[in-house]
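Source file: query37.cif. Holds: mmCIF, C-alpha atoms and all ligand atoms.
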```cif
data_my_file
#
loop_
_atom_site.label_atom_id
_atom_site.label_comp_id
_atom_site.auth_asym_id
_atom_site.auth_seq_id
_atom_site.Cartn_x
_atom_site.Cartn_y
_atom_site.Cartn_z
CA MET A 1 0.00 0.00 0.00
CA SER A 2 1.27 3.48 -0.84
CA SER A 3 1.94 5.64 2.19
CA LEU A 4 -0.06 8.38 0.44
CA ALA A 5 -3.22 6.26 0.17
CA ALA A 6 -6.25 8.22 1.46
CA ARG A 7 -4.05 11.21 2.44
CA ARG A 8 -5.81 14.54 2.03
CA ILE A 9 -3.50 16.87 0.11
CA LEU A 10 -4.21 20.51 -0.72
CA LEU A 11 -2.27 21.22 -3.90
CA GLY A 12 -1.72 24.92 -4.55
CA ILE A 13 -0.73 25.93 -8.07
CA THR A 14 0.56 29.40 -8.89
CA GLY A 15 1.26 31.25 -12.11
CA GLY A 16 4.51 29.93 -13.52
CA ILE A 17 5.46 28.11 -16.65
CA ALA A 18 6.08 24.94 -14.60
CA ALA A 19 2.34 24.78 -13.86
CA TYR A 20 2.01 22.39 -16.79
CA LYS A 21 3.95 19.80 -14.75
CA CYS A 22 1.12 19.78 -12.23
CA CYS A 23 -0.94 17.53 -14.47
CA ASP A 24 1.71 14.85 -14.11
CA LEU A 25 2.13 15.60 -10.39
CA LEU A 26 -1.61 15.27 -9.85
CA ARG A 27 -1.76 11.97 -11.70
CA GLN A 28 1.06 10.59 -9.61
CA LEU A 29 -0.54 11.72 -6.35
CA THR A 30 -3.99 10.33 -7.18
CA GLY A 31 -2.33 7.21 -8.58
CA ALA A 32 -0.78 6.72 -5.12
CA GLY A 33 -4.31 6.81 -3.69
CA ALA A 34 -4.18 10.36 -2.29
CA GLN A 35 -7.19 12.66 -2.26
CA VAL A 36 -6.06 15.89 -3.85
CA GLN A 37 -7.94 19.19 -3.70
CA VAL A 38 -6.50 21.70 -6.15
CA VAL A 39 -6.49 25.44 -5.39
CA MET A 40 -5.16 27.68 -8.16
CA THR A 41 -4.22 31.34 -8.24
CA GLU A 42 -5.80 33.41 -10.97
CA ALA A 43 -2.43 33.61 -12.74
CA ALA A 44 -2.12 29.80 -12.66
CA THR A 45 -5.31 29.47 -14.72
CA ALA A 46 -3.52 31.22 -17.59
CA PHE A 47 -1.02 28.35 -17.74
CA VAL A 48 -3.23 25.28 -17.17
CA THR A 49 -7.00 25.04 -17.15
CA PRO A 50 -9.04 24.23 -14.04
CA LEU A 51 -11.03 21.81 -16.22
CA THR A 52 -7.95 19.68 -16.88
CA LEU A 53 -7.08 19.57 -13.20
CA GLN A 54 -10.67 18.85 -12.23
CA ALA A 55 -10.71 15.89 -14.58
CA LEU A 56 -7.42 14.61 -13.17
CA SER A 57 -8.30 15.12 -9.50
CA GLY A 58 -11.96 14.13 -9.77
CA ARG A 59 -12.88 17.20 -7.71
CA PRO A 60 -13.98 20.72 -8.55
CA VAL A 61 -10.92 22.96 -8.66
CA ARG A 62 -11.09 26.08 -6.48
CA THR A 63 -9.79 29.39 -7.78
CA ALA A 64 -11.78 32.23 -6.20
CA LEU A 65 -11.91 33.45 -2.63
CA LEU A 66 -14.93 35.72 -2.97
CA ASP A 67 -17.20 33.17 -4.62
CA PRO A 68 -20.44 32.79 -2.62
CA ALA A 69 -21.44 29.44 -4.16
CA ALA A 70 -18.06 27.78 -3.69
CA GLU A 71 -17.68 29.28 -0.24
CA ALA A 72 -21.08 27.91 0.80
CA ALA A 73 -20.07 24.45 -0.43
CA MET A 74 -16.62 24.23 1.19
CA GLY A 75 -15.29 27.49 2.54
CA HIS A 76 -11.64 28.48 2.71
CA ILE A 77 -11.42 27.56 6.39
CA GLU A 78 -13.02 24.17 5.73
CA LEU A 79 -10.52 23.57 2.92
CA ALA A 80 -7.70 24.27 5.36
CA ARG A 81 -9.28 22.01 7.99
CA TRP A 82 -9.85 19.24 5.47
CA ALA A 83 -6.21 19.06 4.37
CA GLU A 84 -3.58 16.99 6.17
CA VAL A 85 -0.70 18.47 4.21
CA MET A 86 -0.27 21.37 1.79
CA LEU A 87 1.99 21.47 -1.24
CA ILE A 88 2.39 24.54 -3.43
CA ALA A 89 3.93 23.56 -6.75
CA PRO A 90 5.01 25.54 -8.59
CA ALA A 91 5.43 28.36 -6.09
CA SER A 92 6.00 31.62 -7.96
CA ALA A 93 8.24 34.41 -6.66
CA ASP A 94 5.12 36.49 -6.22
CA ALA A 95 3.29 33.82 -4.19
CA ILE A 96 6.38 33.23 -2.05
CA ALA A 97 6.53 36.98 -1.31
CA ARG A 98 2.86 37.11 -0.37
CA LEU A 99 3.11 34.01 1.82
CA ALA A 100 6.19 35.34 3.59
CA GLN A 101 4.32 38.53 4.40
CA GLY A 102 1.27 36.68 5.66
CA GLN A 103 -0.99 38.15 3.01
CA ALA A 104 -4.40 36.59 2.46
CA ASN A 105 -5.50 38.30 -0.73
CA ASP A 106 -6.60 35.25 -2.71
CA LEU A 107 -7.92 31.76 -1.96
CA LEU A 108 -4.53 30.05 -1.97
CA THR A 109 -2.79 32.48 0.40
CA THR A 110 -5.86 32.51 2.66
CA CYS A 111 -5.89 28.70 2.85
CA TYR A 112 -2.15 28.73 3.53
CA LEU A 113 -2.59 31.14 6.41
CA ALA A 114 -5.52 29.18 7.82
CA PHE A 115 -3.73 25.82 7.53
CA ASP A 116 -1.63 24.83 10.53
CA GLY A 117 -0.30 21.48 9.27
CA PRO A 118 2.87 20.64 7.35
CA LYS A 119 3.59 22.84 4.32
CA PHE A 120 5.79 22.13 1.32
CA LEU A 121 6.78 24.59 -1.40
CA ALA A 122 8.37 23.85 -4.76
CA PRO A 123 9.64 27.19 -6.10
CA ALA A 124 9.95 27.64 -9.84
CA MET A 125 11.13 30.80 -11.54
CA ASN A 126 13.77 32.39 -13.69
CA GLN A 127 17.25 32.00 -12.16
CA ALA A 128 17.67 35.76 -11.67
CA MET A 129 14.32 35.94 -9.87
CA TRP A 130 15.42 33.08 -7.64
CA ARG A 131 18.75 34.74 -6.89
CA ALA A 132 17.16 38.14 -6.18
CA PRO A 133 17.78 39.20 -2.57
CA ALA A 134 14.05 39.77 -2.00
CA THR A 135 13.24 36.18 -2.99
CA ALA A 136 16.08 34.86 -0.81
CA ARG A 137 14.74 36.85 2.16
CA ASN A 138 11.19 35.58 1.58
CA VAL A 139 12.30 31.95 1.27
CA ALA A 140 14.39 32.28 4.46
CA THR A 141 11.33 33.69 6.26
CA LEU A 142 9.17 30.76 5.15
CA GLU A 143 11.83 28.23 6.17
CA ALA A 144 12.06 29.91 9.56
CA ASP A 145 8.26 29.51 9.78
CA GLY A 146 8.75 25.74 9.38
CA VAL A 147 7.92 25.38 5.71
CA THR A 148 9.84 22.70 3.79
CA VAL A 149 11.23 24.19 0.57
CA LEU A 150 11.85 21.56 -2.10
CA GLY A 151 14.40 22.70 -4.65
CA PRO A 152 14.56 24.43 -6.98
CA ALA A 153 16.63 22.33 -9.35
CA SER A 154 19.24 23.80 -11.68
CA GLY A 155 19.43 23.51 -15.44
CA VAL A 156 18.23 25.03 -18.68
CA GLN A 157 15.11 27.11 -18.15
CA ALA A 158 12.06 27.76 -20.34
CA CYS A 159 13.29 31.34 -20.91
CA GLY A 160 16.66 30.08 -22.20
CA ASP A 161 18.65 30.97 -19.05
CA GLU A 162 20.60 28.35 -17.19
CA GLY A 163 20.79 28.11 -13.41
CA PRO A 164 18.68 27.44 -10.32
CA GLY A 165 14.92 27.92 -10.62
CA ARG A 166 13.49 24.80 -12.29
CA MET A 167 10.69 23.11 -10.39
CA VAL A 168 11.72 19.82 -8.81
CA GLU A 169 10.34 16.94 -10.89
CA PRO A 170 6.88 15.62 -9.89
CA ALA A 171 8.27 12.21 -8.88
CA ALA A 172 10.60 13.89 -6.37
CA LEU A 173 7.72 15.93 -4.95
CA VAL A 174 5.64 12.78 -4.54
CA SER A 175 8.61 11.12 -2.79
CA ALA A 176 8.92 14.07 -0.41
CA LEU A 177 5.26 13.78 0.56
CA ALA A 178 5.55 10.01 0.88
CA ALA A 179 8.56 10.52 3.19
CA TRP A 180 6.45 12.89 5.29
CA ALA A 181 3.72 10.25 5.47
CA ASP A 182 6.24 7.50 6.30
CA ALA A 183 7.86 9.65 8.96
CA GLY A 184 4.99 9.06 11.31
CA ALA A 185 2.32 11.49 10.22
CA GLU A 186 -0.77 10.09 11.91
CA ALA A 187 -2.10 7.31 9.71
CA PRO A 188 -5.37 7.82 7.86
CA THR A 189 -8.50 6.08 9.08
CA THR A 190 -7.22 2.49 8.79
CA ALA A 191 -3.91 0.75 8.40
CA GLU A 192 -5.43 -1.38 5.64
CA PRO A 193 -5.83 0.05 2.16
CA SER A 194 -9.26 1.59 1.88
CA PRO A 195 -11.46 -0.57 -0.37
CA TRP A 196 -12.98 2.69 -1.62
CA ALA A 197 -9.77 4.39 -2.82
CA GLY A 198 -10.30 5.27 -6.48
CA ARG A 199 -13.88 3.90 -6.50
CA HIS A 200 -16.86 5.96 -7.65
CA ILE A 201 -19.83 6.12 -5.30
CA VAL A 202 -23.10 7.71 -6.43
CA ILE A 203 -25.53 8.74 -3.70
CA THR A 204 -29.00 10.25 -4.01
CA ALA A 205 -30.27 12.28 -1.07
CA GLY A 206 -33.07 14.50 0.17
CA PRO A 207 -36.62 14.84 -1.08
CA THR A 208 -37.80 15.59 -4.60
CA ARG A 209 -40.17 18.40 -5.54
CA GLU A 210 -42.94 17.70 -8.01
CA ALA A 211 -44.38 20.88 -9.46
CA LEU A 212 -48.17 21.38 -9.58
CA ASP A 213 -48.05 24.89 -11.00
CA PRO A 214 -45.37 27.65 -11.08
CA VAL A 215 -45.58 28.18 -7.30
CA ARG A 216 -46.75 24.93 -5.73
CA TYR A 217 -45.24 21.49 -5.47
CA LEU A 218 -45.56 18.12 -3.76
CA THR A 219 -42.68 17.04 -1.54
CA ASN A 220 -41.92 15.13 1.68
CA ARG A 221 -40.12 15.51 5.01
CA SER A 222 -36.70 14.11 4.03
CA SER A 223 -33.89 16.34 5.37
CA GLY A 224 -31.07 14.77 3.35
CA GLN A 225 -28.95 14.17 6.47
CA GLN A 226 -28.42 10.44 5.98
CA GLY A 227 -27.38 10.78 2.33
CA PHE A 228 -25.02 13.66 3.12
CA ALA A 229 -23.50 11.71 6.04
CA LEU A 230 -22.87 8.78 3.68
CA ALA A 231 -21.29 11.11 1.12
CA GLU A 232 -18.97 12.55 3.76
CA ALA A 233 -17.96 9.09 4.99
CA ALA A 234 -17.41 7.86 1.43
CA ALA A 235 -15.17 10.83 0.54
CA GLU A 236 -13.18 10.33 3.73
CA ALA A 237 -12.74 6.67 2.80
CA GLY A 238 -11.04 7.77 -0.43
CA ALA A 239 -13.90 7.38 -2.90
CA LYS A 240 -14.81 9.76 -5.67
CA VAL A 241 -18.33 10.76 -4.63
CA THR A 242 -21.21 12.11 -6.71
CA LEU A 243 -24.01 13.33 -4.46
CA ILE A 244 -27.27 13.90 -6.34
CA SER A 245 -29.41 15.94 -4.01
CA GLY A 246 -32.95 17.23 -3.98
CA PRO A 247 -33.63 20.60 -2.32
CA VAL A 248 -32.09 20.53 1.19
CA ALA A 249 -30.46 23.05 3.51
CA LEU A 250 -27.17 21.23 4.05
CA PRO A 251 -23.57 22.19 3.14
CA THR A 252 -21.73 19.98 0.69
CA PRO A 253 -19.32 17.65 2.53
CA PRO A 254 -15.62 18.25 1.76
CA GLY A 255 -14.36 16.65 -1.43
CA VAL A 256 -17.82 15.69 -2.69
CA ASN A 257 -19.12 16.49 -6.16
CA ARG A 258 -22.72 17.66 -5.66
CA VAL A 259 -25.39 17.73 -8.34
CA ASP A 260 -28.56 19.60 -7.32
CA VAL A 261 -31.87 18.43 -8.78
CA GLU A 262 -35.56 19.10 -8.11
CA SER A 263 -37.91 16.46 -9.48
CA ALA A 264 -37.80 12.67 -9.57
CA LEU A 265 -37.28 12.79 -13.35
CA ASP A 266 -34.29 15.15 -12.89
CA MET A 267 -32.88 12.83 -10.24
CA LEU A 268 -33.28 9.79 -12.49
CA ALA A 269 -31.50 11.57 -15.35
CA ALA A 270 -28.58 12.66 -13.13
CA THR A 271 -28.28 9.19 -11.61
CA GLU A 272 -28.35 7.46 -14.99
CA ALA A 273 -25.65 9.86 -16.22
CA ALA A 274 -23.36 8.84 -13.34
CA PHE A 275 -24.26 5.13 -13.48
CA ALA A 276 -21.81 3.99 -16.16
CA THR A 277 -18.74 4.75 -14.03
CA ALA A 278 -20.25 3.87 -10.64
CA ASP A 279 -18.92 1.10 -8.39
CA LEU A 280 -21.70 1.63 -5.86
CA VAL A 281 -25.04 3.43 -6.07
CA ILE A 282 -26.87 4.22 -2.83
CA ALA A 283 -30.41 5.50 -3.27
CA VAL A 284 -31.17 7.34 -0.05
CA ALA A 285 -33.38 10.05 -1.52
CA ALA A 286 -37.03 10.07 -0.61
CA VAL A 287 -38.25 10.21 -4.20
CA ALA A 288 -41.87 11.26 -4.65
CA ASP A 289 -43.91 8.27 -5.85
CA TYR A 290 -46.17 10.49 -7.93
CA ARG A 291 -46.03 13.68 -9.95
CA ALA A 292 -48.77 15.80 -11.51
CA SER A 293 -49.94 14.32 -14.80
CA ALA A 294 -49.70 17.87 -16.20
CA VAL A 295 -48.05 20.90 -14.58
CA ALA A 296 -50.40 23.90 -14.80
CA PRO A 297 -48.66 26.63 -16.81
CA GLN A 298 -50.27 29.36 -14.64
CA LYS A 299 -50.94 29.49 -10.90
CA LEU A 300 -54.05 27.43 -10.06
CA LYS A 301 -56.79 29.85 -8.90
CA ARG A 302 -58.87 29.28 -5.82
CA GLU A 303 -61.70 31.63 -6.78
CA GLY A 304 -64.92 29.88 -7.68
CA THR A 305 -63.71 26.41 -6.63
CA GLU A 306 -64.78 24.42 -3.59
CA GLY A 307 -62.10 21.80 -3.94
CA LEU A 308 -59.31 20.58 -6.16
CA THR A 309 -58.72 17.13 -7.53
CA LEU A 310 -55.15 16.43 -8.55
CA SER A 311 -54.39 13.97 -11.29
CA LEU A 312 -51.12 12.18 -10.52
CA VAL A 313 -49.00 9.68 -12.42
CA ALA A 314 -46.40 7.34 -10.96
CA ASN A 315 -42.76 8.44 -11.05
CA PRO A 316 -40.14 5.94 -12.21
CA ASP A 317 -38.51 3.89 -9.44
CA ILE A 318 -34.90 5.11 -9.77
CA ILE A 319 -33.06 2.22 -8.14
CA ALA A 320 -35.28 -0.40 -9.82
CA THR A 321 -34.57 1.28 -13.18
CA LEU A 322 -30.84 0.96 -12.49
CA GLY A 323 -31.32 -2.61 -11.24
CA ALA A 324 -32.88 -3.54 -14.59
CA ARG A 325 -30.04 -1.82 -16.47
CA ARG A 326 -27.27 -3.46 -14.46
CA GLY A 327 -25.05 -5.81 -16.38
CA GLN A 328 -25.60 -4.04 -19.71
CA ASP A 329 -23.14 -1.16 -19.41
CA ALA A 330 -22.11 -1.22 -15.75
CA HIS A 331 -22.13 -3.51 -12.77
CA PRO A 332 -22.18 -1.44 -9.59
CA VAL A 333 -23.33 -2.63 -6.19
CA LEU A 334 -26.86 -1.26 -5.69
CA VAL A 335 -28.36 -0.19 -2.38
CA ALA A 336 -31.89 1.04 -1.74
CA PHE A 337 -33.02 2.80 1.41
CA ALA A 338 -36.58 2.02 2.42
CA ALA A 339 -38.65 3.98 4.89
CA GLU A 340 -41.19 1.66 6.47
CA THR A 341 -43.79 2.04 9.16
CA GLU A 342 -44.63 -1.67 9.73
CA ASN A 343 -43.25 -5.16 9.01
CA VAL A 344 -39.92 -3.50 8.28
CA VAL A 345 -37.82 -6.61 7.54
CA ALA A 346 -40.49 -8.42 5.50
CA HIS A 347 -41.07 -5.38 3.32
CA ALA A 348 -37.33 -4.82 2.89
CA GLU A 349 -36.77 -8.42 1.79
CA GLY A 350 -39.57 -8.09 -0.75
CA LYS A 351 -38.08 -4.87 -2.11
CA ARG A 352 -34.63 -6.37 -2.42
CA SER A 353 -35.75 -9.05 -4.85
CA ARG A 354 -38.33 -6.88 -6.67
CA LYS A 355 -35.88 -4.03 -7.32
CA GLY A 356 -32.91 -6.25 -8.22
CA VAL A 357 -30.58 -4.62 -5.65
CA ASP A 358 -27.86 -6.05 -3.40
CA PHE A 359 -28.90 -4.38 -0.16
CA VAL A 360 -31.97 -2.74 1.27
CA VAL A 361 -31.41 -0.51 4.29
CA ALA A 362 -34.73 -0.28 6.07
CA ASN A 363 -35.66 2.13 8.79
CA ASP A 364 -38.82 2.42 10.79
CA VAL A 365 -39.88 6.02 10.26
CA SER A 366 -42.80 5.58 12.65
CA ARG A 367 -40.25 5.95 15.50
CA ALA A 368 -39.96 9.62 16.49
CA ASP A 369 -36.36 9.33 17.77
CA ILE A 370 -34.82 8.24 14.44
CA GLY A 371 -35.21 8.75 10.71
CA PHE A 372 -36.49 11.99 9.13
CA ASN A 373 -34.89 15.17 10.51
CA SER A 374 -33.11 13.29 13.29
CA ALA A 375 -29.32 13.13 13.81
CA ASP A 376 -29.65 9.42 14.67
CA ASN A 377 -30.84 6.45 12.76
CA CYS A 378 -31.57 2.80 13.51
CA VAL A 379 -31.73 0.46 10.55
CA THR A 380 -31.93 -3.13 9.49
CA VAL A 381 -29.65 -4.09 6.61
CA VAL A 382 -31.07 -6.78 4.35
CA GLY A 383 -28.36 -8.13 2.06
CA PRO A 384 -26.98 -11.28 0.48
CA ALA A 385 -26.26 -12.72 3.95
CA GLY A 386 -29.73 -12.04 5.36
CA ALA A 387 -31.07 -9.38 7.72
CA GLU A 388 -28.90 -7.62 10.29
CA ALA A 389 -30.42 -5.18 12.81
CA LEU A 390 -27.92 -2.47 13.74
CA PRO A 391 -28.20 -0.51 17.00
CA LYS A 392 -29.29 3.11 17.07
CA MET A 393 -26.37 5.43 16.29
CA SER A 394 -25.58 8.77 14.64
CA LYS A 395 -26.15 8.94 10.90
CA ARG A 396 -22.42 9.60 10.42
CA ALA A 397 -21.37 6.54 12.45
CA LEU A 398 -23.97 4.45 10.67
CA SER A 399 -22.55 5.58 7.33
CA ALA A 400 -19.14 4.09 8.13
CA GLN A 401 -20.80 0.84 9.28
CA LEU A 402 -22.83 0.61 6.10
CA LEU A 403 -19.87 1.31 3.78
CA HIS A 404 -17.98 -1.46 5.53
CA ARG A 405 -20.78 -3.91 4.68
CA PHE A 406 -21.21 -2.70 1.09
CA ALA A 407 -17.44 -3.06 0.48
CA ALA A 408 -17.79 -6.83 0.85
CA ALA A 409 -19.97 -6.88 -2.29
CA LEU A 410 -17.62 -4.74 -4.44
CA ARG A 411 -16.51 -6.25 -7.71
CA PRO A 412 -12.73 -6.40 -8.20
C1 LIG B 501 4.87 33.46 -19.64
C2 LIG B 501 5.06 33.74 -18.20
C3 LIG B 501 5.76 32.87 -17.43
C4 LIG B 501 5.98 33.10 -16.09
N1 LIG B 501 6.67 32.20 -15.35
C5 LIG B 501 6.91 32.44 -14.05
C6 LIG B 501 7.66 31.52 -13.29
O1 LIG B 501 8.06 30.46 -13.76
N2 LIG B 501 7.87 31.79 -11.99
C7 LIG B 501 7.42 32.94 -11.41
O2 LIG B 501 7.66 33.15 -10.22
N3 LIG B 501 6.70 33.84 -12.12
C8 LIG B 501 6.44 33.64 -13.43
N4 LIG B 501 5.72 34.54 -14.15
C9 LIG B 501 5.18 35.73 -13.48
C10 LIG B 501 3.95 35.39 -12.67
O3 LIG B 501 2.96 34.81 -13.51
C11 LIG B 501 3.40 36.63 -11.98
O4 LIG B 501 4.35 37.07 -11.01
C12 LIG B 501 2.05 36.40 -11.32
O5 LIG B 501 1.68 37.61 -10.67
C13 LIG B 501 2.09 35.27 -10.32
O6 LIG B 501 0.84 35.23 -9.67
P1 LIG B 501 0.51 34.17 -8.54
O7 LIG B 501 1.69 34.14 -7.61
O8 LIG B 501 -0.73 34.71 -7.90
O9 LIG B 501 0.25 32.88 -9.19
C14 LIG B 501 5.49 34.30 -15.49
C15 LIG B 501 4.76 35.18 -16.26
C16 LIG B 501 4.57 34.93 -17.61
C17 LIG B 501 3.80 35.92 -18.43
#
```

Can the structure in the file be given as structure tokens, please?
Amino acid sequence: MSSLAARRILLGITGGIAAYKCCDLLRQLTGAGAQVQVVMTEAATAFVTPLTLQALSGRPVRTALLDPAAEAAMGHIELARWAEVMLIAPASADAIARLAQGQANDLLTTCYLAFDGPKFLAPAMNQAMWRAPATARNVATLEADGVTVLGPASGVQACGDEGPGRMVEPAALVSALAAWADAGAEAPTTAEPSPWAGRHIVITAGPTREALDPVRYLTNRSSGQQGFALAEAAAEAGAKVTLISGPVALPTPPGVNRVDVESALDMLAATEAAFATADLVIAVAAVADYRASAVAPQKLKREGTEGLTLSLVANPDIIATLGARRGQDAHPVLVAFAAETENVVAHAEGKRSRKGVDFVVANDVSRADIGFNSADNCVTVVGPAGAEALPKMSKRALSAQLLHRFAAALRP
């Protein structure tokens, strides 16, 4: 097992010509099983695109500090808290100067200031810029602050000069981080390789909203907490996580790719789009069973009516649709959550065979102390080995327990 497996690395990229080497660096880090969150300066985006790095890291790349949407999802302080180690490569002369002064005028420098773990810098610049007294002073300041400065290497530079200033090769940077991990940095969650490292987990969460007219809709009491807790646990276990969520008031867990949807049909489309690459699909969302047979184009008027009869049609069963599709283009493990109010195990066993899924996680929503809008849950897992009643616990703790059981059904 690589010592970088499941490590949470914040990779800062600044505006230098060596930024192109980050693609290779990122591949090597993720190949070693690390979870890498990329933060780029604005200048860096002129050298390599966020889209490329997003594709390589499997996570949205962060570039802006004053971005309300990104900040609501995973703010700069949460990014700093999430990371176990921070590497800035390449580190430009400008970034080094700003870091040495303690400036926090963009996302990267703000994260750096807010991060109190081990920091590595790989400077890369023209040899004269590297030799400049100001750069030497700034580097000395950072080293005195406890930062490990890797390189730079000497040689022929992109500008034609020769001398010190080339970024240390990606393999050497990976080795430096591996040495940090080997040197006794507290081990990630387990000593065993995580079965989820590099796997893709798709989770649906929350309620759906089925429009009746432009202002009204049908929905249910699902808070989304259980699905979000599973997404957080899955990301921490090293998986690439796609969280397809109905309307909920919850922040996106760190490292999770969230897709917001409204209706059951939207949720089905988003889930089908993610299905082909999924290793595990967990359908936690409380999908509305019915939708209006026709959505009124204008607000339904009350005047002159004594009542209203709604005409509803059945929504597709998302997990059953995937169960029927399994084996054609993908073969993920499938899990359905089932809210029951009576005969919980019998109903769950029936659903498991009807829907063609591996596991049904059944909870008794008639109990007031668990289920909807509660921090705790108490479930029975019905799987290939039969029914197992788990004790009441927090939704987050339950998530880890459930992932452990689902891992046993993963295909190699
Ligand atoms: C083509 C080009 C290449 C550059 N290469 C470097 C470089 O390798 N190292 C460096 O420190 N600055 C380099 N710069 C200058 C930085 O891009 C500039 O100082 C910028 O403000 C850095 O911003 P940042 O530190 O926020 O990323 C380069 C500029 C250009 C136009």

| request: Show me which residues sit within 7 Å of ligand LIG 501 (chain B) when counting all atoms listed in the file, and put them as a ChimeraX atom specification. | output: /A:14-18,41-44,91-95,124-126

| task | Go ahead and compute the interatomic distance for CA of Asp279 (chain A) and CA of Gly323 (chain A), in Å to one decimal. | result | 13.3 Å

| request: With a distance cut-off of 8 Å and all atoms listed in the file, select the neighbouring residues of region 208-217 of chain A, excluding the residue or stretch itself and same-chain residues fewer than 5 positions from it, and output the selection as an NGL selection string. | output: :A and (246-247 or 261-264 or 267 or 285-288 or 290-292 or 294-300)

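Atom to atom, CA of Phe275 (chain A) and CA of Val202 (chain A) stand 7.6 Å apart.
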
| task | Please provide as an MDAnalysis selection string all residues within 9 Å of Met40 (chain A), with the sequence filter that same-chain residues fewer than 5 positions apart are discarded (counting only C-alpha atoms). | result | chainID A and resid 11:15 45 50 61:64 107:108

| task | Please provide the set of residues having any atom within 8 Å of Ala171 (chain A), restricted to all atoms listed in the file, with same-chain residues fewer than 4 positions apart removed, written as a PyMOL selection string. | result | chain A and resi 25+28+175

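With distances taken from (17.0, 34.0, -8.4) and restricted to all atoms listed in the file, the residues inside 12 Å are Ser92, Ala93, Pro123, Ala124, Met125, Asn126, Gln127, Ala128, Met129, Trp130, Arg131, Ala132, Pro133, Ala134, Thr135, Ala136, Arg137, Asn138, Val139, Pro152, Ala153, Ser154, Asp161, Glu162, Gly163, Pro164, Gly165 and Arg166 of chain A.
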
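The closest residue to Leu268 (chain A), picked from A:Met167, A:Leu79, A:Ile318, A:Leu87 and counting all atoms listed in the file, is A:Ile318.
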
Taking all atoms listed in the file into account, produce a table as JSON lines in which each residue of region 170-260 of chain A with an atom at most 7 Å from an atom of region 393-399 of chain A appears once, together with its shortest atom pair and the distance in Å to one decimal, ordered by chain and rising number.
```
{"residue": "A:Gln226", "atom": "CA", "partner": "A:Lys395", "partner_atom": "CA", "distance": 5.6}
{"residue": "A:Ala229", "atom": "CA", "partner": "A:Arg396", "partner_atom": "CA", "distance": 5.0}
{"residue": "A:Leu230", "atom": "CA", "partner": "A:Ser399", "partner_atom": "CA", "distance": 4.9}
{"residue": "A:Ala233", "atom": "CA", "partner": "A:Ser399", "partner_atom": "CA", "distance": 6.2}
```
